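Q: Sharing entry17.tsv here; it has TSV, C-alpha atoms.
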chain	number	residue	atom	x	y	z
D	13	MET	CA	-40.65	21.18	-15.96
D	14	THR	CA	-39.86	24.07	-13.57
D	15	TRP	CA	-38.28	26.11	-16.36
D	16	LEU	CA	-41.27	25.40	-18.66
D	17	ILE	CA	-43.74	26.59	-16.02
D	18	THR	CA	-41.60	29.67	-15.37
D	19	LEU	CA	-41.40	30.45	-19.10
D	20	VAL	CA	-45.16	30.13	-19.65
D	21	LEU	CA	-45.89	32.24	-16.57
D	22	SER	CA	-43.37	34.88	-17.70
D	23	ILE	CA	-44.96	35.12	-21.15
D	24	LEU	CA	-48.42	35.53	-19.63
D	25	LEU	CA	-47.17	38.22	-17.26
D	26	PHE	CA	-45.39	39.96	-20.14
D	27	LEU	CA	-48.58	40.11	-22.23
D	28	LEU	CA	-50.49	41.39	-19.22
D	29	GLY	CA	-47.70	43.92	-18.64
D	30	ILE	CA	-47.94	45.26	-22.19
D	31	PHE	CA	-51.69	45.76	-21.84
D	32	TYR	CA	-51.46	47.31	-18.37
D	33	LEU	CA	-48.50	49.61	-19.04
D	34	GLY	CA	-49.96	50.84	-22.32
D	35	ASN	CA	-53.07	51.95	-20.46
D	36	GLN	CA	-51.11	53.54	-17.63
D	37	ILE	CA	-48.72	55.46	-19.92
D	38	TYR	CA	-51.82	56.93	-21.60
D	39	ARG	CA	-52.54	58.70	-18.29
D	40	PHE	CA	-49.49	60.92	-18.79
D	41	GLY	CA	-51.57	62.97	-21.23
D	42	PHE	CA	-51.36	61.26	-24.62
D	43	LYS	CA	-54.21	62.32	-26.94
D	44	LYS	CA	-54.68	58.78	-28.25
D	45	LYS	CA	-54.01	55.48	-26.52
D	46	ILE	CA	-52.23	54.18	-29.61
D	47	TYR	CA	-49.46	56.72	-28.98
D	48	SER	CA	-48.81	55.34	-25.51
D	49	TYR	CA	-48.48	51.84	-26.96
D	50	LEU	CA	-46.10	53.11	-29.66
D	51	VAL	CA	-43.90	54.58	-26.92
D	52	LEU	CA	-44.05	51.34	-24.93
D	53	PHE	CA	-43.14	49.16	-27.92
D	54	GLY	CA	-40.37	51.58	-28.86
D	55	VAL	CA	-38.85	51.21	-25.40
D	56	PHE	CA	-39.31	47.43	-25.47
D	57	PHE	CA	-37.56	46.92	-28.82
D	58	ALA	CA	-34.75	49.22	-27.72
D	59	LEU	CA	-34.24	46.97	-24.69
D	60	VAL	CA	-34.29	43.89	-26.93
D	61	PHE	CA	-31.60	45.48	-29.11
D	62	ILE	CA	-29.42	46.46	-26.12
D	63	PHE	CA	-29.88	43.23	-24.14
D	64	ASN	CA	-32.06	40.41	-25.53
D	65	PHE	CA	-35.72	39.42	-25.71
D	66	ILE	CA	-35.87	37.54	-22.40
D	67	THR	CA	-34.21	40.37	-20.45
D	68	ALA	CA	-36.47	42.98	-22.07
D	69	MET	CA	-39.53	40.86	-21.31
D	70	LEU	CA	-38.58	40.57	-17.63
D	71	MET	CA	-37.92	44.31	-17.41
D	72	ILE	CA	-41.46	44.96	-18.68
D	73	ILE	CA	-42.79	42.57	-16.02
D	74	HIS	CA	-40.84	44.46	-13.33
D	75	TYR	CA	-42.36	47.77	-14.43
D	76	MET	CA	-45.84	46.26	-14.44
D	77	VAL	CA	-45.57	44.78	-10.94
D	78	VAL	CA	-44.15	47.95	-9.39
D	79	TRP	CA	-46.59	50.17	-11.28
D	80	LEU	CA	-49.56	48.11	-10.14
D	81	PHE	CA	-48.36	48.31	-6.54
D	82	ASN	CA	-47.88	52.09	-6.75
D	83	ASP	CA	-51.28	52.60	-8.39
D	84	LEU	CA	-52.92	50.75	-5.51
D	85	LEU	CA	-50.82	52.62	-2.94
D	86	PHE	CA	-51.59	56.06	-4.35
D	87	LEU	CA	-55.25	55.13	-4.73
D	88	ILE	CA	-55.38	54.46	-0.99
D	89	ILE	CA	-53.53	57.73	-0.29
D	90	LYS	CA	-55.99	59.63	-2.50
D	91	LYS	CA	-58.92	58.12	-0.60
D	92	VAL	CA	-57.37	59.10	2.74
D	93	ARG	CA	-56.53	62.68	1.71
D	94	LYS	CA	-59.87	62.97	-0.15
D	95	LYS	CA	-58.20	64.83	-2.96
D	96	ASP	CA	-56.79	63.79	-6.31
D	97	PHE	CA	-53.17	64.42	-7.30
D	98	LYS	CA	-52.34	67.16	-9.77
D	99	PHE	CA	-49.86	64.92	-11.59
D	100	TYR	CA	-49.74	61.18	-12.19
D	101	ILE	CA	-47.31	60.67	-9.30
D	102	ALA	CA	-47.63	56.86	-9.21
D	103	GLY	CA	-46.34	56.70	-12.78
D	104	TYR	CA	-43.37	59.01	-12.16
D	105	VAL	CA	-42.42	57.16	-8.96
D	106	THR	CA	-42.62	53.80	-10.76
D	107	ILE	CA	-40.46	54.85	-13.70
D	108	PHE	CA	-37.83	56.47	-11.47
D	109	PHE	CA	-37.40	53.74	-8.85
D	110	THR	CA	-37.88	50.74	-11.15
D	111	THR	CA	-35.29	52.12	-13.56
D	112	ILE	CA	-32.78	52.52	-10.71
D	113	TYR	CA	-33.61	49.01	-9.49
D	114	ILE	CA	-32.99	47.55	-12.95
D	115	ILE	CA	-29.73	49.48	-13.36
D	116	ILE	CA	-28.53	47.99	-10.07
D	117	GLY	CA	-29.53	44.55	-11.38
D	118	ILE	CA	-27.50	45.09	-14.55
D	119	TYR	CA	-24.53	46.22	-12.47
D	120	ASN	CA	-24.81	43.05	-10.33
D	121	VAL	CA	-24.45	40.90	-13.46
D	122	TYR	CA	-21.49	42.66	-15.02
D	123	HIS	CA	-19.59	43.48	-11.82
D	124	VAL	CA	-17.95	40.34	-10.44
D	125	ASP	CA	-17.26	40.36	-6.70
D	126	VAL	CA	-15.43	37.91	-4.47
D	127	THR	CA	-17.18	35.92	-1.72
D	128	LYS	CA	-15.13	34.17	0.95
D	129	TYR	CA	-15.89	31.18	3.18
D	130	THR	CA	-13.92	29.29	5.82
D	131	VAL	CA	-14.25	25.58	6.55
D	132	THR	CA	-12.29	23.66	9.18
D	133	SER	CA	-11.51	19.96	9.50
D	134	ASP	CA	-9.55	17.65	11.79
D	135	LYS	CA	-8.71	15.49	8.76
D	136	LEU	CA	-6.12	17.96	7.46
D	137	ASN	CA	-2.46	18.49	8.24
D	138	ASN	CA	-2.25	21.57	6.01
D	139	ASN	CA	-4.33	24.62	5.13
D	140	TYR	CA	-5.69	25.09	1.61
D	141	LYS	CA	-7.14	27.97	-0.35
D	142	ILE	CA	-9.64	26.93	-3.02
D	143	ALA	CA	-10.97	29.15	-5.80
D	144	LEU	CA	-14.41	28.21	-7.10
D	145	ILE	CA	-16.18	29.47	-10.22
D	146	ALA	CA	-19.32	28.29	-12.00
D	147	ASP	CA	-21.73	29.41	-14.70
D	148	SER	CA	-19.38	31.48	-16.84
D	149	HIS	CA	-21.66	30.80	-19.85
D	150	LEU	CA	-18.90	32.19	-22.07
D	151	GLY	CA	-20.06	34.91	-24.41
D	152	THR	CA	-22.96	36.12	-22.26
D	153	THR	CA	-21.40	38.93	-20.22
D	154	PHE	CA	-17.75	38.44	-21.18
D	155	ASP	CA	-15.71	36.70	-23.86
D	156	ALA	CA	-12.50	34.69	-23.49
D	157	ASP	CA	-10.42	37.84	-22.93
D	158	GLY	CA	-12.78	38.91	-20.16
D	159	PHE	CA	-12.59	35.45	-18.66
D	160	ASP	CA	-8.79	35.66	-18.67
D	161	LYS	CA	-8.94	38.98	-16.81
D	162	TYR	CA	-11.08	37.43	-14.09
D	163	LEU	CA	-8.66	34.53	-13.81
D	164	GLN	CA	-5.84	37.02	-13.23
D	165	GLU	CA	-7.96	38.65	-10.53
D	166	ILE	CA	-8.52	35.27	-8.90
D	167	LEU	CA	-4.78	34.58	-8.94
D	168	LYS	CA	-4.22	37.60	-6.68
D	169	SER	CA	-5.78	35.54	-3.86
D	170	LYS	CA	-3.03	32.92	-4.39
D	171	PRO	CA	-5.31	29.85	-4.43
D	172	ASP	CA	-3.90	26.34	-4.31
D	173	MET	CA	-6.38	25.09	-6.90
D	174	LEU	CA	-9.27	26.22	-9.10
D	175	LEU	CA	-12.52	24.26	-9.24
D	176	ILE	CA	-14.98	24.88	-12.09
D	177	ALA	CA	-18.46	23.64	-11.12
D	178	GLY	CA	-20.08	23.50	-14.55
D	179	ASP	CA	-21.71	25.61	-17.27
D	180	PHE	CA	-18.35	26.79	-18.51
D	181	VAL	CA	-19.91	27.30	-21.96
D	182	ASP	CA	-23.39	27.74	-23.39
D	183	ASP	CA	-25.23	27.25	-26.67
D	184	GLY	CA	-24.30	30.80	-27.62
D	185	THR	CA	-20.57	30.31	-26.95
D	186	SER	CA	-18.38	30.51	-30.05
D	187	LYS	CA	-15.75	27.87	-30.68
D	188	GLU	CA	-13.10	30.59	-30.67
D	189	ASP	CA	-14.09	31.74	-27.18
D	190	MET	CA	-14.20	28.14	-25.93
D	191	VAL	CA	-10.70	27.44	-27.24
D	192	ASP	CA	-9.21	30.72	-26.02
D	193	ALA	CA	-10.77	30.42	-22.55
D	194	SER	CA	-9.40	26.88	-22.25
D	195	LYS	CA	-5.96	28.23	-23.17
D	196	ALA	CA	-6.35	30.89	-20.45
D	197	LEU	CA	-6.91	28.09	-17.93
D	198	GLY	CA	-3.79	26.35	-19.27
D	199	LYS	CA	-1.66	29.37	-18.40
D	200	LEU	CA	-2.55	29.19	-14.71
D	201	GLU	CA	0.23	28.02	-12.41
D	202	LEU	CA	-1.46	26.58	-9.34
D	203	PRO	CA	0.08	24.13	-6.85
D	204	TYR	CA	-2.68	21.54	-7.31
D	205	GLY	CA	-4.16	22.47	-10.68
D	206	VAL	CA	-7.59	23.08	-12.22
D	207	TYR	CA	-10.60	20.72	-12.02
D	208	PHE	CA	-13.82	20.73	-14.03
D	209	VAL	CA	-17.22	19.05	-13.90
D	210	HIS	CA	-19.99	19.38	-16.47
D	211	GLY	CA	-23.06	21.54	-16.09
D	212	ASN	CA	-26.31	21.10	-18.00
D	213	HIS	CA	-25.38	23.77	-20.57
D	214	ASP	CA	-21.90	22.45	-21.33
D	215	LYS	CA	-23.25	19.64	-23.48
D	216	GLY	CA	-25.38	22.06	-25.53
D	217	TYR	CA	-29.12	21.77	-26.12
D	218	TYR	CA	-29.15	22.48	-29.87
D	219	GLY	CA	-26.68	20.01	-31.35
D	220	GLU	CA	-23.45	21.43	-32.73
D	221	LYS	CA	-24.84	24.77	-33.95
D	222	ARG	CA	-22.28	26.55	-31.80
D	223	GLY	CA	-19.48	24.88	-33.77
D	224	PHE	CA	-18.28	22.34	-31.21
D	225	ASN	CA	-19.61	19.50	-29.10
D	226	ILE	CA	-18.96	18.27	-25.57
D	227	THR	CA	-16.11	16.04	-26.73
D	228	ASN	CA	-14.36	19.02	-28.35
D	229	LEU	CA	-14.74	20.97	-25.10
D	230	GLU	CA	-13.27	18.17	-23.03
D	231	GLU	CA	-10.36	17.78	-25.45
D	232	GLU	CA	-9.50	21.49	-25.23
D	233	LEU	CA	-9.67	21.47	-21.44
D	234	VAL	CA	-7.52	18.35	-21.11
D	235	LYS	CA	-5.06	19.72	-23.67
D	236	ASN	CA	-4.60	22.71	-21.38
D	237	GLY	CA	-4.02	20.69	-18.23
D	238	VAL	CA	-7.53	20.81	-16.77
D	239	LYS	CA	-8.66	17.62	-15.03
D	240	VAL	CA	-12.15	16.75	-16.28
D	241	LEU	CA	-13.92	14.62	-13.67
D	242	LYS	CA	-16.89	12.48	-14.68
D	243	ASP	CA	-17.98	10.37	-11.71
D	244	GLU	CA	-14.39	9.95	-10.57
D	245	SER	CA	-12.02	11.23	-7.92
D	246	ILE	CA	-8.43	12.40	-7.56
D	247	LEU	CA	-6.34	12.39	-4.37
D	248	ILE	CA	-4.37	15.58	-3.75
D	249	ASN	CA	-1.38	15.82	-1.44
D	250	ASP	CA	-2.42	12.53	0.19
D	251	GLU	CA	-5.18	14.23	2.20
D	252	ILE	CA	-7.85	15.75	-0.09
D	253	TYR	CA	-10.10	13.95	-2.54
D	254	ILE	CA	-11.61	15.98	-5.37
D	255	ILE	CA	-14.74	14.07	-6.42
D	256	GLY	CA	-16.36	15.20	-9.66
D	257	ARG	CA	-19.93	14.14	-10.38
D	258	LYS	CA	-21.67	14.00	-13.74
D	259	ASP	CA	-24.49	16.51	-14.05
D	260	TYR	CA	-27.85	15.70	-12.44
D	261	GLU	CA	-29.51	15.60	-15.88
D	262	ASN	CA	-27.43	12.51	-16.64
D	263	ARG	CA	-29.71	9.91	-15.08
D	264	ASN	CA	-27.02	7.26	-15.45
D	265	ARG	CA	-24.58	9.02	-13.18
D	266	THR	CA	-23.06	7.07	-10.31
D	267	SER	CA	-24.57	7.51	-6.86
D	268	ILE	CA	-22.50	9.46	-4.36
D	269	ASN	CA	-22.35	6.40	-2.08
D	270	ASP	CA	-20.73	4.35	-4.83
D	271	LEU	CA	-18.31	7.16	-5.63
D	272	VAL	CA	-16.96	7.35	-2.09
D	273	LYS	CA	-17.31	3.76	-0.85
D	274	ASP	CA	-13.68	2.85	-1.62
D	275	LEU	CA	-12.18	6.17	-0.49
D	276	ASP	CA	-10.31	6.65	2.78
D	277	ASP	CA	-12.71	8.17	5.32
D	278	ASN	CA	-9.81	9.80	7.14
D	279	LYS	CA	-9.16	12.10	4.19
D	280	PHE	CA	-11.06	15.31	3.37
D	281	LYS	CA	-13.59	14.84	0.57
D	282	ILE	CA	-14.63	17.68	-1.73
D	283	VAL	CA	-17.54	16.99	-4.08
D	284	MET	CA	-18.10	19.05	-7.22
D	285	ASP	CA	-21.76	18.72	-8.26
D	286	HIS	CA	-23.12	21.37	-10.64
D	287	GLN	CA	-26.73	21.22	-9.45
D	288	PRO	CA	-27.38	21.40	-5.68
D	289	VAL	CA	-30.03	18.69	-5.63
D	290	ASP	CA	-28.61	15.64	-3.81
D	291	TYR	CA	-27.93	16.99	-0.33
D	292	ASN	CA	-29.55	14.16	1.62
D	293	ASN	CA	-27.41	11.48	-0.03
D	294	GLU	CA	-24.27	13.64	0.04
D	295	THR	CA	-24.81	14.19	3.76
D	296	LYS	CA	-25.33	10.48	4.41
D	297	SER	CA	-22.16	9.66	2.48
D	298	GLU	CA	-20.25	11.86	4.97
D	299	THR	CA	-18.50	13.97	2.37
D	300	ASP	CA	-16.93	17.08	3.87
D	301	LEU	CA	-17.56	19.84	1.33
D	302	VAL	CA	-19.99	20.00	-1.61
D	303	LEU	CA	-19.61	22.77	-4.21
D	304	SER	CA	-22.30	23.74	-6.72
D	305	GLY	CA	-23.56	26.47	-9.02
D	306	HIS	CA	-26.48	26.29	-11.47
D	307	THR	CA	-29.04	28.38	-9.56
D	308	HIS	CA	-27.47	31.78	-10.36
D	309	GLY	CA	-28.31	32.68	-6.78
D	310	GLY	CA	-32.01	32.70	-7.60
D	311	GLN	CA	-31.34	35.44	-10.14
D	312	LEU	CA	-34.32	37.71	-9.43
D	313	PHE	CA	-35.98	38.88	-6.24
D	314	PRO	CA	-38.02	37.26	-4.73
D	315	ILE	CA	-37.11	33.99	-6.50
D	316	THR	CA	-33.87	34.06	-4.51
D	317	TYR	CA	-35.92	33.24	-1.42
D	318	LEU	CA	-38.52	31.00	-3.03
D	319	ASN	CA	-36.39	28.82	-5.30
D	320	THR	CA	-36.11	25.82	-2.98
D	321	THR	CA	-39.91	25.52	-2.97
D	322	LEU	CA	-40.24	26.10	-6.73
D	323	SER	CA	-37.51	23.71	-7.86
D	324	ASP	CA	-35.50	20.61	-6.96
D	325	ASN	CA	-32.67	22.71	-5.49
D	326	ASP	CA	-31.73	22.01	-1.87
D	327	LEU	CA	-30.00	25.39	-1.55
D	328	VAL	CA	-30.24	28.44	-3.79
D	329	TYR	CA	-27.23	30.39	-2.64
D	330	GLY	CA	-24.60	30.61	0.06
D	331	TYR	CA	-23.50	28.26	2.82
D	332	GLU	CA	-25.26	25.54	4.77
D	333	LYS	CA	-24.04	22.76	7.01
D	334	ARG	CA	-25.85	19.46	7.46
D	335	LYS	CA	-24.32	17.26	10.13
D	336	ASN	CA	-20.64	17.10	9.13
D	337	THR	CA	-21.09	18.13	5.49
D	338	ASN	CA	-20.53	21.73	4.35
D	339	PHE	CA	-22.47	22.94	1.30
D	340	ILE	CA	-21.65	26.02	-0.79
D	341	VAL	CA	-23.62	27.26	-3.81
D	342	THR	CA	-22.19	30.11	-5.85
D	343	SER	CA	-24.37	32.56	-7.81
D	344	GLY	CA	-21.92	32.26	-10.71
D	345	ILE	CA	-19.31	34.46	-12.31
D	346	SER	CA	-21.65	35.37	-15.18
D	347	ASP	CA	-25.16	34.67	-16.33
D	348	TRP	CA	-27.39	32.87	-18.81
D	349	GLU	CA	-29.94	34.83	-20.91
D	350	ILE	CA	-31.09	37.27	-18.23
D	351	LYS	CA	-28.78	40.29	-18.16
D	352	MET	CA	-29.64	41.40	-14.63
D	353	LYS	CA	-29.48	40.02	-11.10
D	354	THR	CA	-31.78	41.72	-8.63
D	355	GLY	CA	-31.59	39.08	-5.91
D	356	CYS	CA	-27.84	38.40	-5.86
D	357	LYS	CA	-24.54	39.30	-7.55
D	358	SER	CA	-22.01	37.74	-9.90
D	359	GLU	CA	-19.05	36.33	-8.01
D	360	TYR	CA	-16.13	34.01	-7.75
D	361	VAL	CA	-15.56	32.21	-4.47
D	362	ILE	CA	-12.50	31.77	-2.28
D	363	ILE	CA	-12.74	29.00	0.32
D	364	ASN	CA	-10.17	28.69	3.08
D	365	VAL	CA	-10.09	25.05	4.15
D	366	LEU	CA	-8.20	25.02	7.44
D	367	LYS	CA	-6.90	22.30	9.72
D	368	GLU	CA	-8.44	22.38	13.16
D	369	LYS	CA	-6.05	23.58	15.83
How would this structure read if it were set down as structure tokens?

A:
Amino acid sequence: MTWLITLVLSILLFLLGIFYLGNQIYRFGFKKKIYSYLVLFGVFFALVFIFNFITAMLMIIHYMVVWLFNDLLFLIIKKVRKKDFKFYIAGYVTIFFTTIYIIIGIYNVYHVDVTKYTVTSDKLNNNYKIALIADSHLGTTFDADGFDKYLQEILKSKPDMLLIAGDFVDDGTSKEDMVDASKALGKLELPYGVYFVHGNHDKGYYGEKRGFNITNLEEELVKNGVKVLKDESILINDEIYIIGRKDYENRNRTSINDLVKDLDDNKFKIVMDHQPVDYNNETKSETDLVLSGHTHGGQLFPITYLNTTLSDNDLVYGYEKRKNTNFIVTSGISDWEIKMKTGCKSEYVIINVLKEK
């Protein structure tokens, strides 16, 4: 429902943006208003060709919002100085700064950074380094070869294990990329292996149009040594449980209380849950660390700071601690349809889980 409301609102803002920007571009000195709209549509379709329709639509909305703000600002300035401007300064300022802002957003999507966290526990006898990735949406900003390059970058941190918190693939992922990326995971030599839980996009929303289904994906991952966890847990080194939950969209998934009720409370429990939406229950179950993705860090400013009020998410991005449970949400190593991030960055995460001294 949240995505539907967002989509409808975005379309309405886009249509308003086309009308508003066409009128404002006319103020640059076009002889006929139709020429300003031709320029606007030319730019829009160029953006669709370079990126995609959704990204181009959101770029138009960005220009509209900033342009409207600048028109109001310069109107106030004109009233104060009691003199009109020789040039349409609000328009030039909007185009310059909004374009730079969007370029930064594009850079944030395609440039993958590393974010590090440290968690301590008295349940551990050893220290562990965990690599976390989510939301690769293969084929969106990189293919299987690009994914492999990021894995090699992650290996430089010498993690003990790699956890994949869902949305490994998307509806636009080719079968070839899915297979090759799974093989890249199979080449990793990590002390405690690679673990995977499903995200909402892994199952696919449009049948098998992409050339494979969720069963094929699981088979490729398992074939390459990845442990696929579906409401189950694995004990590592006799002191860490990796608990993988089915995605939140699966209404038949097991409750967190049932998942942990037979586990040893003296051992450190890590929960992989693609969507960060069950914090109250995960806190009550006294799990130690919950890892999620899904939100893409809020994606666009100011949604980054509003997303918990606009959606079911308990946390949009970063770290939070509730009682004895640590929560981490990553913004993702890639992206979905929107080819820019103005409120966050693409990342992989390194978590140092340390024994208390």

Q: Give me, as a list in words, all polymer residues having an atom no more than 10 Å from Ile248 (chain D), counting all atoms listed in the file and skipping those fewer than 4 positions away in the same chain.

A: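 After dropping sequence-adjacent residues, the list is Tyr204, Gly205, Ile252, Tyr253, Ile254, Lys279 and Phe280 of chain D.
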
Q: Counting only C-alpha atoms, which residue out of D:Phe154, D:Phe108, D:Phe99, D:Phe42 sits closest to Val121 (chain D)?

A: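 Of D:Phe154, D:Phe108, D:Phe99, D:Phe42, the one nearest Val121 (chain D), counting only C-alpha atoms, is D:Phe154.
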
Q: Please tell me which residues are no farther than 12 Å from (-39.8, 32.6, -18.3) in the file, counting only C-alpha atoms, and write them as a ChimeraX atom specification.

A: /D:13-26,65-71,73,312,349-350

Q: Emit the selected residues as a PDB file, in the coordinates of the input, including C-alpha atoms.

A:
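Output contents, as saved in selection.pdb:
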ATOM      1  CA  MET D  13     -40.650  21.180 -15.960  1.00  0.00           C
ATOM      2  CA  THR D  14     -39.860  24.070 -13.570  1.00  0.00           C
ATOM      3  CA  TRP D  15     -38.280  26.110 -16.360  1.00  0.00           C
ATOM      4  CA  LEU D  16     -41.270  25.400 -18.660  1.00  0.00           C
ATOM      5  CA  ILE D  17     -43.740  26.590 -16.020  1.00  0.00           C
ATOM      6  CA  THR D  18     -41.600  29.670 -15.370  1.00  0.00           C
ATOM      7  CA  LEU D  19     -41.400  30.450 -19.100  1.00  0.00           C
ATOM      8  CA  VAL D  20     -45.160  30.130 -19.650  1.00  0.00           C
ATOM      9  CA  LEU D  21     -45.890  32.240 -16.570  1.00  0.00           C
ATOM     10  CA  SER D  22     -43.370  34.880 -17.700  1.00  0.00           C
ATOM     11  CA  ILE D  23     -44.960  35.120 -21.150  1.00  0.00           C
ATOM     12  CA  LEU D  24     -48.420  35.530 -19.630  1.00  0.00           C
ATOM     13  CA  LEU D  25     -47.170  38.220 -17.260  1.00  0.00           C
ATOM     14  CA  PHE D  26     -45.390  39.960 -20.140  1.00  0.00           C
ATOM     15  CA  PHE D  65     -35.720  39.420 -25.710  1.00  0.00           C
ATOM     16  CA  ILE D  66     -35.870  37.540 -22.400  1.00  0.00           C
ATOM     17  CA  THR D  67     -34.210  40.370 -20.450  1.00  0.00           C
ATOM     18  CA  ALA D  68     -36.470  42.980 -22.070  1.00  0.00           C
ATOM     19  CA  MET D  69     -39.530  40.860 -21.310  1.00  0.00           C
ATOM     20  CA  LEU D  70     -38.580  40.570 -17.630  1.00  0.00           C
ATOM     21  CA  MET D  71     -37.920  44.310 -17.410  1.00  0.00           C
ATOM     22  CA  ILE D  73     -42.790  42.570 -16.020  1.00  0.00           C
ATOM     23  CA  LEU D 312     -34.320  37.710  -9.430  1.00  0.00           C
ATOM     24  CA  GLU D 349     -29.940  34.830 -20.910  1.00  0.00           C
ATOM     25  CA  ILE D 350     -31.090  37.270 -18.230  1.00  0.00           C
TER      26      ILE D 350
END

Q: Of the residues D:Glu232, D:Gly310, D:Lys335, D:His74, which is the one nearest to Ile112 (chain D), using only C-alpha atoms?

A: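 Among D:Glu232, D:Gly310, D:Lys335, D:His74, it is D:His74 that comes nearest to Ile112 (chain D).
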
Q: May I ask which of the residues D:Gly34, D:Gly216, D:Pro288, D:Gly184 is the closest one to Asp324 (chain D), counting only C-alpha atoms?

A: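 The shortest atom-to-atom distance to Asp324 (chain D) comes from D:Pro288.
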
Q: Write out as a PyMOL selection string the residues lying within 10 Å of Tyr49 (chain D), counting all atoms listed in the file and excluding same-chain residues fewer than 4 positions away.

A: chain D and resi 30-31+33-38+44-45+53-55

Q: Just how far from CA of Phe180 (chain D) is CA of Gly158 (chain D), in Å to one decimal?

A: 13.4 Å

Q: Counting all atoms listed in the file, which of D:Pro171, D:Gly151, D:Gly211, D:Gly219 gets nearest to Glu188 (chain D)?

A: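 Answer, going by the shortest atom-to-atom distance: D:Gly151.
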
Q: Quick one, how far is CA of Ile340 (chain D) from CA of Thr153 (chain D)?

A: 23.3 Å

Q: Just give me the gap between CA of Glu231 (chain D) and CA of Ser148 (chain D) in Å, one decimal is fine.

A: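 Atom-to-atom, CA of Glu231 (chain D) and CA of Ser148 (chain D) are spaced 18.5 Å apart.
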
Q: Please complete region 120-131 of chain D so it has N, CA and C atoms, and hand it over as an mmCIF file, keeping the file's coordinate frame.

A:
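Saved as part-v7.cif:
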data_model
loop_
_atom_site.group_PDB
_atom_site.id
_atom_site.type_symbol
_atom_site.label_atom_id
_atom_site.label_comp_id
_atom_site.auth_asym_id
_atom_site.auth_seq_id
_atom_site.Cartn_x
_atom_site.Cartn_y
_atom_site.Cartn_z
ATOM 1 N N ASN D 120 -25.092 44.291 -11.063
ATOM 2 C CA ASN D 120 -24.810 43.050 -10.330
ATOM 3 C C ASN D 120 -24.380 41.913 -11.255
ATOM 4 N N VAL D 121 -24.846 41.927 -12.505
ATOM 5 C CA VAL D 121 -24.450 40.900 -13.460
ATOM 6 C C VAL D 121 -23.035 41.133 -13.969
ATOM 7 N N TYR D 122 -22.750 42.372 -14.343
ATOM 8 C CA TYR D 122 -21.490 42.660 -15.020
ATOM 9 C C TYR D 122 -20.332 42.949 -14.068
ATOM 10 N N HIS D 123 -20.643 43.246 -12.820
ATOM 11 C CA HIS D 123 -19.590 43.480 -11.820
ATOM 12 C C HIS D 123 -19.395 42.208 -11.008
ATOM 13 N N VAL D 124 -18.232 41.602 -11.131
ATOM 14 C CA VAL D 124 -17.950 40.340 -10.440
ATOM 15 C C VAL D 124 -17.225 40.613 -9.127
ATOM 16 N N ASP D 125 -17.816 40.161 -8.041
ATOM 17 C CA ASP D 125 -17.260 40.360 -6.700
ATOM 18 C C ASP D 125 -16.643 39.055 -6.217
ATOM 19 N N VAL D 126 -15.992 39.110 -5.071
ATOM 20 C CA VAL D 126 -15.430 37.910 -4.470
ATOM 21 C C VAL D 126 -16.190 37.614 -3.173
ATOM 22 N N THR D 127 -16.532 36.357 -2.954
ATOM 23 C CA THR D 127 -17.180 35.920 -1.720
ATOM 24 C C THR D 127 -16.273 34.887 -1.062
ATOM 25 N N LYS D 128 -16.081 35.027 0.252
ATOM 26 C CA LYS D 128 -15.130 34.170 0.950
ATOM 27 C C LYS D 128 -15.830 33.329 2.021
ATOM 28 N N TYR D 129 -15.388 32.095 2.148
ATOM 29 C CA TYR D 129 -15.890 31.180 3.180
ATOM 30 C C TYR D 129 -14.704 30.516 3.859
ATOM 31 N N THR D 130 -14.937 30.039 5.084
ATOM 32 C CA THR D 130 -13.920 29.290 5.820
ATOM 33 C C THR D 130 -14.523 27.995 6.337
ATOM 34 N N VAL D 131 -13.831 26.896 6.088
ATOM 35 C CA VAL D 131 -14.250 25.580 6.550
ATOM 36 C C VAL D 131 -13.091 24.945 7.290
#
